[in-house]
Each structure stands twice: as C-alpha cells, then as structure tokens.
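Below is upload_35.txt, holding compact mmCIF, C-alpha atoms.
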# COMPACT_ATOMS: atom_id res chain seq x y z
CA MET A 297 6.96 -10.83 18.92
CA THR A 298 7.02 -10.31 15.17
CA ILE A 299 7.41 -13.57 13.25
CA ASP A 300 9.22 -13.65 9.90
CA ILE A 301 7.62 -15.99 7.40
CA LEU A 302 9.51 -15.43 4.20
CA ALA A 303 11.74 -12.94 2.46
CA THR A 304 11.58 -12.77 -1.32
CA LYS A 305 13.79 -10.75 -3.63
CA HIS A 306 12.05 -7.48 -2.76
CA VAL A 307 9.72 -7.97 0.22
CA SER A 308 9.52 -9.66 3.57
CA ILE A 309 6.36 -11.29 4.90
CA ARG A 310 5.71 -11.18 8.64
CA LEU A 311 3.10 -11.73 11.27
CA PRO A 312 2.95 -8.66 13.53
CA GLY A 313 3.61 -9.12 17.24
CA LYS A 314 0.30 -7.44 18.04
CA PRO A 315 -2.01 -8.29 15.14
CA ALA A 316 -5.46 -6.84 14.55
CA CYS A 317 -6.78 -10.42 14.50
CA LEU A 318 -5.72 -13.96 13.68
CA GLY A 319 -5.05 -13.69 9.97
CA HIS A 320 -3.24 -10.34 9.97
CA VAL A 321 -0.11 -10.49 7.82
CA GLN A 322 2.26 -7.69 6.87
CA VAL A 323 4.36 -7.26 3.74
CA PHE A 324 7.31 -4.83 3.82
CA PRO A 325 9.51 -3.83 0.89
CA LEU A 326 13.11 -4.71 1.78
CA ARG A 327 14.12 -1.26 0.61
CA ASN A 328 12.52 1.24 2.91
CA VAL A 329 10.90 4.09 0.99
CA PRO A 330 8.34 6.68 2.06
CA ALA A 331 6.15 6.61 -1.05
CA LEU A 332 4.86 4.12 -3.59
CA ASN A 333 6.35 5.98 -6.52
CA LEU A 334 9.83 5.47 -5.04
CA LEU A 335 9.57 1.71 -5.44
CA SER A 336 10.70 0.25 -8.74
CA ASN A 337 8.05 -1.38 -10.93
CA GLU A 338 9.41 -4.77 -9.96
CA GLU A 339 9.30 -3.99 -6.22
CA ARG A 340 5.79 -2.57 -6.45
CA HIS A 341 4.57 -5.56 -8.44
CA GLU A 342 5.98 -7.93 -5.86
CA LEU A 343 4.42 -5.97 -2.98
CA PHE A 344 0.93 -6.02 -4.54
CA THR A 345 1.07 -9.48 -6.07
CA ILE A 346 2.19 -11.10 -2.83
CA SER A 347 -0.40 -9.11 -0.85
CA ASN A 348 -3.12 -10.29 -3.24
CA THR A 349 -1.91 -13.89 -3.02
CA LEU A 350 -1.81 -13.75 0.78
CA SER A 351 -5.30 -12.28 0.83
CA ALA A 352 -6.62 -15.25 -1.19
CA ILE A 353 -4.70 -17.77 0.95
CA LEU A 354 -5.96 -16.29 4.24
CA PHE A 355 -9.53 -16.18 2.93
CA GLU A 356 -9.45 -19.84 2.02
CA MET A 357 -7.34 -21.13 4.91
CA LEU A 358 -9.29 -19.39 7.67
CA ASN A 359 -12.73 -19.69 6.02
CA ALA A 360 -12.91 -15.91 6.25
CA HIS A 361 -15.86 -13.84 5.06
CA GLY A 362 -13.66 -11.23 3.40
CA THR A 363 -10.23 -9.64 3.32
CA ASN A 364 -8.68 -6.19 3.38
CA ILE A 365 -5.45 -5.11 1.75
CA ILE A 366 -4.26 -1.79 3.11
CA VAL A 367 -1.11 -0.25 1.65
CA GLN A 368 0.17 2.79 3.52
CA GLU A 369 3.02 5.21 2.92
CA ASN A 370 5.62 6.83 5.22
CA PRO A 371 7.06 4.16 4.99
CA VAL A 372 5.44 1.89 2.42
CA ARG A 373 4.02 -1.36 3.81
CA ALA A 374 0.96 -3.54 3.36
CA ASP A 375 -1.40 -5.04 5.93
CA ILE A 376 -3.51 -7.99 4.83
CA ILE A 377 -6.36 -8.82 7.17
CA ALA A 378 -8.78 -11.72 7.12
CA ARG A 379 -12.24 -10.43 7.99
CA PHE A 380 -15.25 -12.04 9.59
CA GLN A 381 -18.81 -10.85 10.03
CA ASP A 382 -19.03 -8.75 13.21
CA ASP A 383 -15.33 -9.19 14.00
CA GLY A 384 -15.26 -5.81 15.73
CA ILE A 385 -12.56 -4.35 13.47
CA ASP A 386 -13.71 -0.94 12.37
CA LEU A 387 -11.87 0.30 9.29
CA GLN A 388 -14.72 2.32 7.85
CA TRP A 389 -14.60 6.07 7.60
CA SER A 390 -17.47 8.45 8.07
CA GLY A 391 -17.47 10.39 4.84
CA ASN A 392 -19.63 13.48 4.50
CA ARG A 393 -21.32 14.40 1.26
CA ALA A 394 -18.95 16.75 -0.56
CA GLU A 395 -20.09 20.07 -2.01
CA GLN A 396 -20.39 20.01 -5.80
CA SER A 397 -18.02 22.98 -6.11
CA ASP A 398 -15.44 21.16 -3.97
CA LEU A 399 -15.70 18.06 -6.12
CA ASP A 400 -15.37 20.13 -9.30
CA SER A 401 -12.26 21.98 -8.12
CA THR A 402 -10.64 18.85 -6.71
CA ARG A 403 -11.32 16.89 -9.89
CA LYS A 404 -9.80 19.64 -12.01
CA ALA A 405 -6.74 19.93 -9.76
CA ILE A 406 -6.08 16.16 -9.84
CA ASN A 407 -6.82 15.88 -13.55
CA ASP A 408 -4.43 18.70 -14.37
CA ARG A 409 -1.69 17.35 -12.12
CA ILE A 410 -1.92 13.84 -13.54
CA ASP A 411 -1.72 15.24 -17.06
CA GLU A 412 1.36 17.24 -16.11
CA LEU A 413 3.00 14.28 -14.39
CA LYS A 414 2.45 12.26 -17.55
CA GLU A 415 4.40 14.90 -19.39
CA GLY A 416 7.07 14.94 -16.68
CA ALA A 417 6.37 18.46 -15.47
CA GLU A 418 7.14 19.76 -11.99
CA PRO A 419 4.22 21.27 -10.03
CA GLN A 420 3.80 25.02 -10.38
CA GLU A 421 3.33 27.03 -7.18
CA HIS A 422 -0.10 28.31 -8.18
CA GLU A 423 -1.26 24.78 -8.94
CA LYS A 424 -0.47 23.53 -5.47
CA VAL A 425 -3.25 25.56 -3.92
CA HIS A 426 -6.17 24.55 -6.11
CA VAL A 427 -7.88 22.76 -3.28
CA GLU A 428 -9.24 24.57 -0.29
CA HIS A 429 -8.61 22.60 2.89
CA SER A 430 -10.68 22.77 6.01
CA GLU A 431 -8.67 23.58 9.15
CA GLU A 432 -8.82 19.91 10.15
CA GLU A 433 -7.44 18.70 6.84
CA LYS A 434 -4.84 21.41 6.41
CA PRO A 435 -1.31 20.00 6.31
CA LYS A 436 0.71 21.27 9.25
CA ASP A 437 3.84 21.76 7.22
CA ASP A 438 3.44 24.23 4.40
CA ASN A 439 6.71 23.19 2.83
CA VAL A 440 5.03 21.15 0.14
CA ALA A 441 8.18 20.75 -1.88
CA GLU A 442 9.70 18.63 0.88
CA VAL A 443 7.10 15.97 0.32
CA HIS A 444 7.84 15.66 -3.33
CA ILE A 445 11.54 16.13 -3.65
CA ALA A 446 12.90 14.61 -0.47
CA PRO A 447 15.66 12.19 -1.43
CA GLN A 448 14.90 8.56 -0.95
CA LYS A 449 16.04 7.54 2.51
CA PRO A 450 17.65 4.16 2.90
CA ARG A 451 16.35 1.90 5.60
CA HIS A 452 17.12 1.96 9.33
CA VAL A 453 20.72 2.90 9.86
CA ILE A 454 21.20 5.93 7.68
CA ARG A 455 17.91 7.39 8.79
CA ARG A 456 19.25 7.79 12.31
CA ILE A 457 22.45 9.62 11.50
CA PRO A 458 22.32 12.91 13.39
CA MET B 1076 -40.30 -9.18 -12.46
CA ALA B 1077 -38.54 -12.02 -10.62
CA SER B 1078 -37.13 -11.22 -7.19
CA GLN B 1079 -33.48 -11.98 -6.45
CA ASP B 1080 -34.63 -14.94 -4.33
CA ASP B 1081 -35.82 -16.68 -7.51
CA MET B 1082 -32.65 -15.94 -9.48
CA SER B 1083 -29.58 -18.06 -10.02
CA PRO B 1084 -26.23 -16.62 -8.86
CA GLU B 1085 -25.38 -15.97 -12.53
CA GLU B 1086 -28.64 -14.04 -13.02
CA ILE B 1087 -28.00 -11.99 -9.89
CA ALA B 1088 -24.47 -11.20 -11.07
CA GLU B 1089 -25.81 -10.14 -14.46
CA LEU B 1090 -28.43 -7.92 -12.82
CA GLN B 1091 -25.78 -6.33 -10.60
CA ARG B 1092 -23.61 -5.69 -13.66
CA LYS B 1093 -26.47 -4.07 -15.54
CA ASN B 1094 -27.29 -1.81 -12.59
CA CYS B 1095 -23.69 -1.07 -11.63
CA ILE B 1096 -23.17 2.68 -11.31
CA PHE B 1097 -19.42 2.31 -11.81
CA CYS B 1098 -19.96 0.56 -15.14
CA LYS B 1099 -22.39 3.32 -16.06
CA ILE B 1100 -19.83 6.01 -15.20
CA SER B 1101 -17.10 4.33 -17.22
CA SER B 1102 -19.42 3.94 -20.24
CA GLY B 1103 -20.54 7.57 -19.94
CA GLU B 1104 -24.13 6.62 -19.18
CA MET B 1105 -23.81 8.33 -15.81
CA LYS B 1106 -21.86 11.43 -14.84
CA GLY B 1107 -19.00 11.09 -12.39
CA GLN B 1108 -16.08 13.23 -11.24
CA VAL B 1109 -13.56 11.38 -13.38
CA VAL B 1110 -9.96 12.20 -12.44
CA TYR B 1111 -8.31 9.43 -14.44
CA LYS B 1112 -9.28 7.20 -17.34
CA ASP B 1113 -7.38 4.85 -19.62
CA SER B 1114 -8.11 1.71 -21.62
CA MET B 1115 -8.58 -0.44 -18.49
CA LEU B 1116 -9.11 1.81 -15.46
CA VAL B 1117 -11.28 4.63 -14.27
CA GLY B 1118 -10.68 6.89 -11.27
CA VAL B 1119 -13.56 8.96 -9.87
CA LEU B 1120 -13.87 11.11 -6.79
CA ASP B 1121 -15.90 9.63 -3.95
CA ILE B 1122 -18.91 11.88 -3.36
CA ASN B 1123 -18.73 11.00 0.34
CA PRO B 1124 -14.98 11.34 0.77
CA ALA B 1125 -13.04 10.31 3.84
CA ARG B 1126 -10.66 13.14 2.89
CA LYS B 1127 -10.60 15.66 0.10
CA GLY B 1128 -9.28 13.91 -3.02
CA HIS B 1129 -10.54 10.46 -1.96
CA THR B 1130 -10.56 8.62 -5.27
CA LEU B 1131 -12.16 5.34 -6.30
CA LEU B 1132 -9.99 3.52 -8.82
CA TYR B 1133 -11.66 0.60 -10.57
CA PRO B 1134 -11.38 -1.62 -13.64
CA LYS B 1135 -13.66 -0.74 -16.55
CA GLU B 1136 -14.60 -4.38 -16.76
CA HIS B 1137 -17.18 -5.39 -14.13
CA ILE B 1138 -15.05 -7.38 -11.68
CA PRO B 1139 -16.59 -8.07 -8.26
CA ILE B 1140 -13.46 -8.86 -6.22
CA LEU B 1141 -9.70 -8.52 -6.58
CA PRO B 1142 -8.75 -12.23 -6.63
CA ILE B 1143 -10.60 -12.70 -9.92
CA MET B 1144 -9.21 -9.62 -11.60
CA PRO B 1145 -7.43 -10.62 -14.85
CA LYS B 1146 -3.64 -10.57 -14.48
CA GLU B 1147 -3.25 -7.99 -17.23
CA THR B 1148 -5.66 -5.58 -15.50
CA PHE B 1149 -4.05 -6.14 -12.10
CA GLU B 1150 -0.59 -5.45 -13.47
CA HIS B 1151 -1.80 -2.35 -15.27
CA MET B 1152 -3.40 -1.09 -12.05
CA VAL B 1153 -0.17 -1.59 -10.09
CA GLU B 1154 1.79 0.20 -12.83
CA SER B 1155 -0.65 3.11 -12.90
CA LEU B 1156 -0.88 3.61 -9.14
CA PRO B 1157 2.23 5.83 -8.68
CA LEU B 1158 1.06 8.33 -11.30
CA ILE B 1159 -2.48 8.53 -9.91
CA CYS B 1160 -1.37 8.61 -6.27
CA GLU B 1161 1.19 11.35 -6.92
CA GLY B 1162 -1.41 13.33 -8.87
CA ILE B 1163 -3.83 13.13 -5.95
CA LYS B 1164 -1.18 13.93 -3.35
CA GLU B 1165 0.24 16.90 -5.19
CA ALA B 1166 -3.15 18.34 -6.08
CA THR B 1167 -4.46 18.04 -2.52
CA LEU B 1168 -1.20 18.89 -0.73
CA ALA B 1169 -1.26 15.51 0.97
CA LYS B 1170 1.87 13.92 2.42
CA GLY B 1171 0.86 10.32 1.96
CA ILE B 1172 -1.82 8.07 0.59
CA THR B 1173 -3.61 4.98 1.80
CA VAL B 1174 -4.52 2.33 -0.75
CA PHE B 1175 -7.52 0.51 0.69
CA MET B 1176 -9.00 -2.63 -0.86
CA ALA B 1177 -11.95 -4.58 0.49
CA ASN B 1178 -13.01 -7.99 -0.73
CA GLY B 1179 -16.45 -8.91 0.58
CA ALA B 1180 -19.09 -7.09 2.63
CA ALA B 1181 -17.50 -8.23 5.91
CA ALA B 1182 -14.39 -6.28 4.88
CA GLY B 1183 -16.38 -3.16 4.07
CA GLN B 1184 -16.97 -3.66 0.34
CA GLN B 1185 -20.05 -1.60 -0.47
CA SER B 1186 -20.31 -2.09 -4.21
CA PRO B 1187 -20.57 -5.18 -6.42
CA HIS B 1188 -17.79 -3.66 -8.55
CA PHE B 1189 -14.27 -4.03 -7.10
CA ILE B 1190 -12.87 -0.67 -6.07
CA THR B 1191 -9.52 0.50 -4.79
CA HIS B 1192 -9.85 3.49 -2.49
CA LEU B 1193 -7.03 6.01 -2.73
CA ILE B 1194 -7.26 8.20 0.36
CA PRO B 1195 -4.81 11.08 0.77
CA ASN B 1196 -3.53 11.82 4.27
CA ASP B 1197 -1.40 14.32 6.17
CA GLY B 1198 1.45 11.89 6.75
CA LYS B 1199 -0.18 9.94 9.55
CA PRO B 1200 -1.59 6.51 8.70
CA PHE B 1201 -5.22 6.72 7.70
CA ALA B 1202 -6.07 3.31 9.02
CA VAL B 1203 -4.96 2.67 12.59
CA LEU B 1204 -5.29 -1.04 13.14
CA PRO B 1205 -6.15 -2.48 16.54
CA GLU B 1206 -3.36 -4.38 18.31
CA LYS B 1207 -4.34 -7.57 20.10
CA ASN B 1208 -2.85 -10.60 21.76
CA VAL B 1209 -3.97 -13.40 19.50
CA GLU B 1210 -3.78 -17.15 20.06
CA GLY B 1211 -2.76 -19.45 17.22
CA GLN B 1212 -0.09 -17.33 15.53
CA GLN B 1213 2.47 -20.15 15.46
CA GLU B 1214 -0.02 -22.53 13.84
CA LEU B 1215 -0.85 -19.87 11.28
CA VAL B 1216 2.85 -19.41 10.48
CA ALA B 1217 3.24 -23.13 9.87
CA LYS B 1218 0.17 -23.22 7.62
CA LEU B 1219 1.22 -20.12 5.69
CA LYS B 1220 4.71 -21.48 5.12
CA LYS B 1221 3.25 -24.71 3.84
CA ARG B 1222 0.88 -22.86 1.48
CA LEU B 1223 3.64 -20.56 0.28
CA GLY B 1224 5.88 -23.56 -0.36
CA VAL B 1225 8.49 -22.50 2.16
CA THR B 1226 10.44 -25.65 2.90
CA SER B 1227 13.03 -23.92 5.02
CA VAL B 1228 12.94 -20.58 6.73
CA SER B 1229 15.06 -17.89 5.12
CA THR B 1230 18.07 -17.76 7.41
CA LYS B 1231 19.03 -14.58 9.15
CA PRO B 1232 22.21 -14.15 7.06
CA ASP B 1233 20.03 -14.45 3.93
CA VAL B 1234 17.74 -11.69 5.14
CA ILE B 1235 20.64 -9.49 6.21
CA ALA B 1236 22.40 -10.04 2.89
CA MET B 1237 19.26 -8.99 1.05
CA PHE B 1238 18.86 -6.00 3.34
CA LEU B 1239 22.44 -4.86 2.71
CA GLU B 1240 22.07 -5.32 -1.02
CA GLN B 1241 18.94 -3.17 -1.02
CA ASN B 1242 20.44 -0.52 1.30
CA PRO B 1243 23.93 0.31 0.04
CA GLU B 1244 24.31 3.35 2.31
CA ALA B 1245 23.62 1.28 5.41
CA ARG B 1246 26.11 -1.27 4.12
CA GLN B 1247 28.70 1.48 3.72
CA VAL B 1248 28.28 2.67 7.33
CA ILE B 1249 28.79 -0.90 8.58
CA ILE B 1250 31.91 -1.25 6.44
CA GLU B 1251 33.43 2.09 7.37
CA ASN B 1252 32.39 2.50 10.97
CA PRO B 1253 30.87 -0.58 12.66
CA SER B 1254 30.86 1.15 16.07
CA LYS B 1255 28.76 3.97 14.74
CA ALA B 1256 26.51 1.47 12.96
CA LYS B 1257 26.00 -0.34 16.26
CA VAL B 1258 24.85 2.86 18.00
CA LEU B 1259 22.49 3.64 15.15
CA ILE B 1260 21.05 0.13 15.11
CA VAL B 1261 20.38 0.21 18.86
CA GLY B 1262 18.28 3.32 18.30
CA ASP B 1263 16.04 1.59 15.78
CA PRO B 1264 13.79 -1.23 17.06
CA GLU B 1265 13.38 -2.81 13.63
CA ALA B 1266 17.08 -2.71 12.85
CA SER B 1267 17.84 -4.04 16.36
CA ARG B 1268 15.60 -7.02 15.67
CA LEU B 1269 17.23 -7.69 12.30
CA PHE B 1270 20.80 -7.43 13.58
CA GLU B 1271 20.17 -9.11 16.94
CA GLY B 1272 23.07 -11.48 17.75
CA ILE B 1273 25.16 -10.28 14.80
CA ASP B 1274 28.76 -9.25 15.50
CA LEU B 1275 29.03 -6.02 13.52
CA GLU B 1276 32.84 -5.96 13.68
CA LYS B 1277 32.96 -9.39 12.03
CA LEU B 1278 30.29 -8.42 9.54
CA SER B 1279 32.22 -5.26 8.70
CA LEU B 1280 35.37 -7.31 8.14
CA GLN B 1281 33.54 -9.78 5.90
CA LEU B 1282 32.01 -6.98 3.86
CA ARG B 1283 35.42 -5.29 3.47
CA LYS B 1284 36.84 -8.59 2.18
CA ILE B 1285 34.02 -8.87 -0.34
CA VAL B 1286 34.65 -5.30 -1.51
CA GLU B 1287 38.38 -6.00 -1.82
CA ALA B 1288 37.74 -9.22 -3.73
CA ARG B 1289 35.51 -7.39 -6.20
CA LYS B 1290 38.20 -4.82 -7.01
If you convert what's in this file into structure tokens, what do you get?
Amino acid sequence: MTIDILATKHVSIRLPGKPACLGHVQVFPLRNVPALNLLSNEERHELFTISNTLSAILFEMLNAHGTNIIVQENPVRADIIARFQDDGIDLQWSGNRAEQSDLDSTRKAINDRIDELKEGAEPQEHEKVHVEHSEEEKPKDDNVAEVHIAPQKPRHVIRRIP
Amino acid sequence: MASQDDMSPEEIAELQRKNCIFCKISSGEMKGQVVYKDSMLVGVLDINPARKGHTLLYPKEHIPILPIMPKETFEHMVESLPLICEGIKEATLAKGITVFMANGAAAGQQSPHFITHLIPNDGKPFAVLPEKNVEGQQELVAKLKKRLGVTSVSTKPDVIAMFLEQNPEARQVIIENPSKAKVLIVGDPEASRLFEGIDLEKLSLQLRKIVEARK
C-alpha cells in the first residue's frame, strides 16, 4: 500500500506500495502533467529541490553508498532510491559506441532546435527529421505534433472523460 | 610520481579535477559534441548513448556529486532543463525524457564530475524499477517524517483541497456532476485512493457553497 508522507504546496511525497528497495521514495507534482516543461518554474523547483533533499536524507539515514534521482515524464514524477553496493538493482543501460556521423547530425539537430526554442520558434517540418532512427528506436506514432502541442491534461478525473 | 594510495583525499580530488574530461570539454581543451552551453552548464552527447540524443548535462565547475552543488548552479540547472529537454525531444522525435542522476559509484556514477543524463524515450519509461515487498517501510516513514519536520500528517481534506486547487477542471466536474465524477474516479486507481471514503455529493455541495460565497 502506498504511504503518504507529506504534501507541500506543489508536490506530494510517498513511499510506493512495491518499492525497488527500502529507501525508495517518490515525489509527484500535485498537478499532473505529461512533460517537465508544462510545470511552472516554482513547481519544477519544488520537485527537484525536494528530490535532492530526500536523496541526501536517505543517504545519511540509511548509511547508503549512493543515491539515484530519476525523473520521468508521461506523467512527470521522481523516484529517489538509496543504493548499496551489490544491491541487485540494475539501472544501467548498455550503450553502444555511436557513429561519428550520427553524433554530428544529432548534435546539429539538437543545437538548432534549442536555438530556435530560445527564440520562441515552432519546429519546422523538415527539421523534425534530422535524426535517422533505427527501426527499434523509431517512434510508433508519426504524429509528432501531438507530442508537442497536446493541451495540458488535468489530473485523474478529466483524463477519463470518454 | 606518487600513487593515489599515498595521496590525501584533497590531493586525489585535485588530481581527478585536473584529469577530468568534462572539465576539459567545457574549457575547450578537449573536443565534445556540445549541444548546449551557457555560463554555468554544458550539455554534450554521450558517445555511448542509451538512445539517440542521450545528453550529459553538467556544471562547468568541477562538482563531484549533486548534494554539494552550489544552490545557484542547481537552480540554474532546474530552470534550464525544460529548454534542453524539449530541444532534445523535438530534434530526436522522442515522446518523453528521463532525467537520471547518480550520486556515488554504487548508484552507477561513472565519472568524478557530477552529470545529469537526459535520455529521450518513445513514451515508455526508460527506467523500469523492480517492485518488491520490503520490510521496514513504516519505520522509514516515521524517520522521514521526523527528518522532514512533519509534526502532523497532512490530513486527507488538506490533500484533496490542494488537489482541487491544482486541478480546476476536475473540481468543476465534481461541482457540476458528482455522479459522473464518482464513475470517473472509480476508473482511476490513484484517484480512487485519494477520494476513498469521501462523499462526493457532500463535497460537491460544499464546493458549490464556496463558489457561491465567492461571487
């Protein structure tokens, strides 16, 4: 059973019913949003500051050897996990060495997009296909616009309206 | 040359700083695939990416772990994240991003320079955490509350009031059609947990009174 610890102005802190280990705490924004950029500055600050504080508290309180903070989207939430040597939790990925040409094109695509976002520009169609995806990585839904312009969905109740 | 066994912790830290490839990239001494740079932060592509667009965001200053990052740098990083994450997502056609931080080797930290991994994904969570039955959760709750200075648990009405304030559309459904709200809540495990034991008709009435009083 999930255990509520504290709700602040913008987030709630809970222990999950089925944690990854003793020392696994979750932080949820009270306003349910799919992406980090849909949180206000204040909400985002609270999410990260409280996650960082909890990480330090868990480290000290449980005499842990390390901590992870993992913030995911769809919807936004944070998992803070106290880690111990050989604790059997495998969060590592097996990255393969990227081709230089791939890195070059990806860097350019991200650089350009960040510059445009700074200027408040919308993505151009031709710019959305800078990066070649392998079949495995290819998004299933080609409707890219949906990801970026979907209206912010309020939490729980409204989401379920048919 | 002295081995690290003969060095003080300060000397080891200084040696790590001098040899740090991330410091070298931010100073321009080494080449990196820099996707973002400002007065405090640098973002470079991981050459062994978990996914295409996997970016390593780090402070220019050599900081080994997050808890000792200066407040100003931390706040700047949090402010900059949406721009960088959206840039990565849009450029790589990703539907979501995982922000992964590791403090300490046991947590998977592989560099003496603190790094935030920004890993784009296709909408599914990148990190699937194991789910276990763990002893000692109640004791942990008590300790955490003590450390966080929680003298009394936030009451359910407090949490619901905050929820309704943050979710005006949900509030409106409860006001206008509590029966419909009930059906919708039953279909959502998280909402069911939050509203467990709450009489929605009464809540609807109370909310209507508040709305009337505000007019």
Note to self: Would you pick out the contacts of Val1234 (chain B) at 12 Å or less, using only C-alpha atoms, so that residues sharing its chain but fewer than 4 positions from it are not included, and give the list as a PyMOL selection string?
What the structure shows: (chain A and resi 300-309+326-327) or (chain B and resi 1228-1230+1238-1241+1266+1268-1270)
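Put simply, CA of Gly1272 (chain B) is 21.3 Å away from CA of Ile1285 (chain B).
The coordinates place CA of Gly319 (chain A) at 12.4 Å from CA of Asn1208 (chain B).
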Checklist line | Gap from CA of Gly1224 (chain B) to CA of Ile365 (chain A) - Å, one decimal | finding: 21.8 Å
Note to self: Counting only C-alpha atoms, which residue out of A:Met297, A:Val367, A:Val329, A:Cys317 sits closest to Gly384 (chain A)?
What the structure shows: A:Cys317
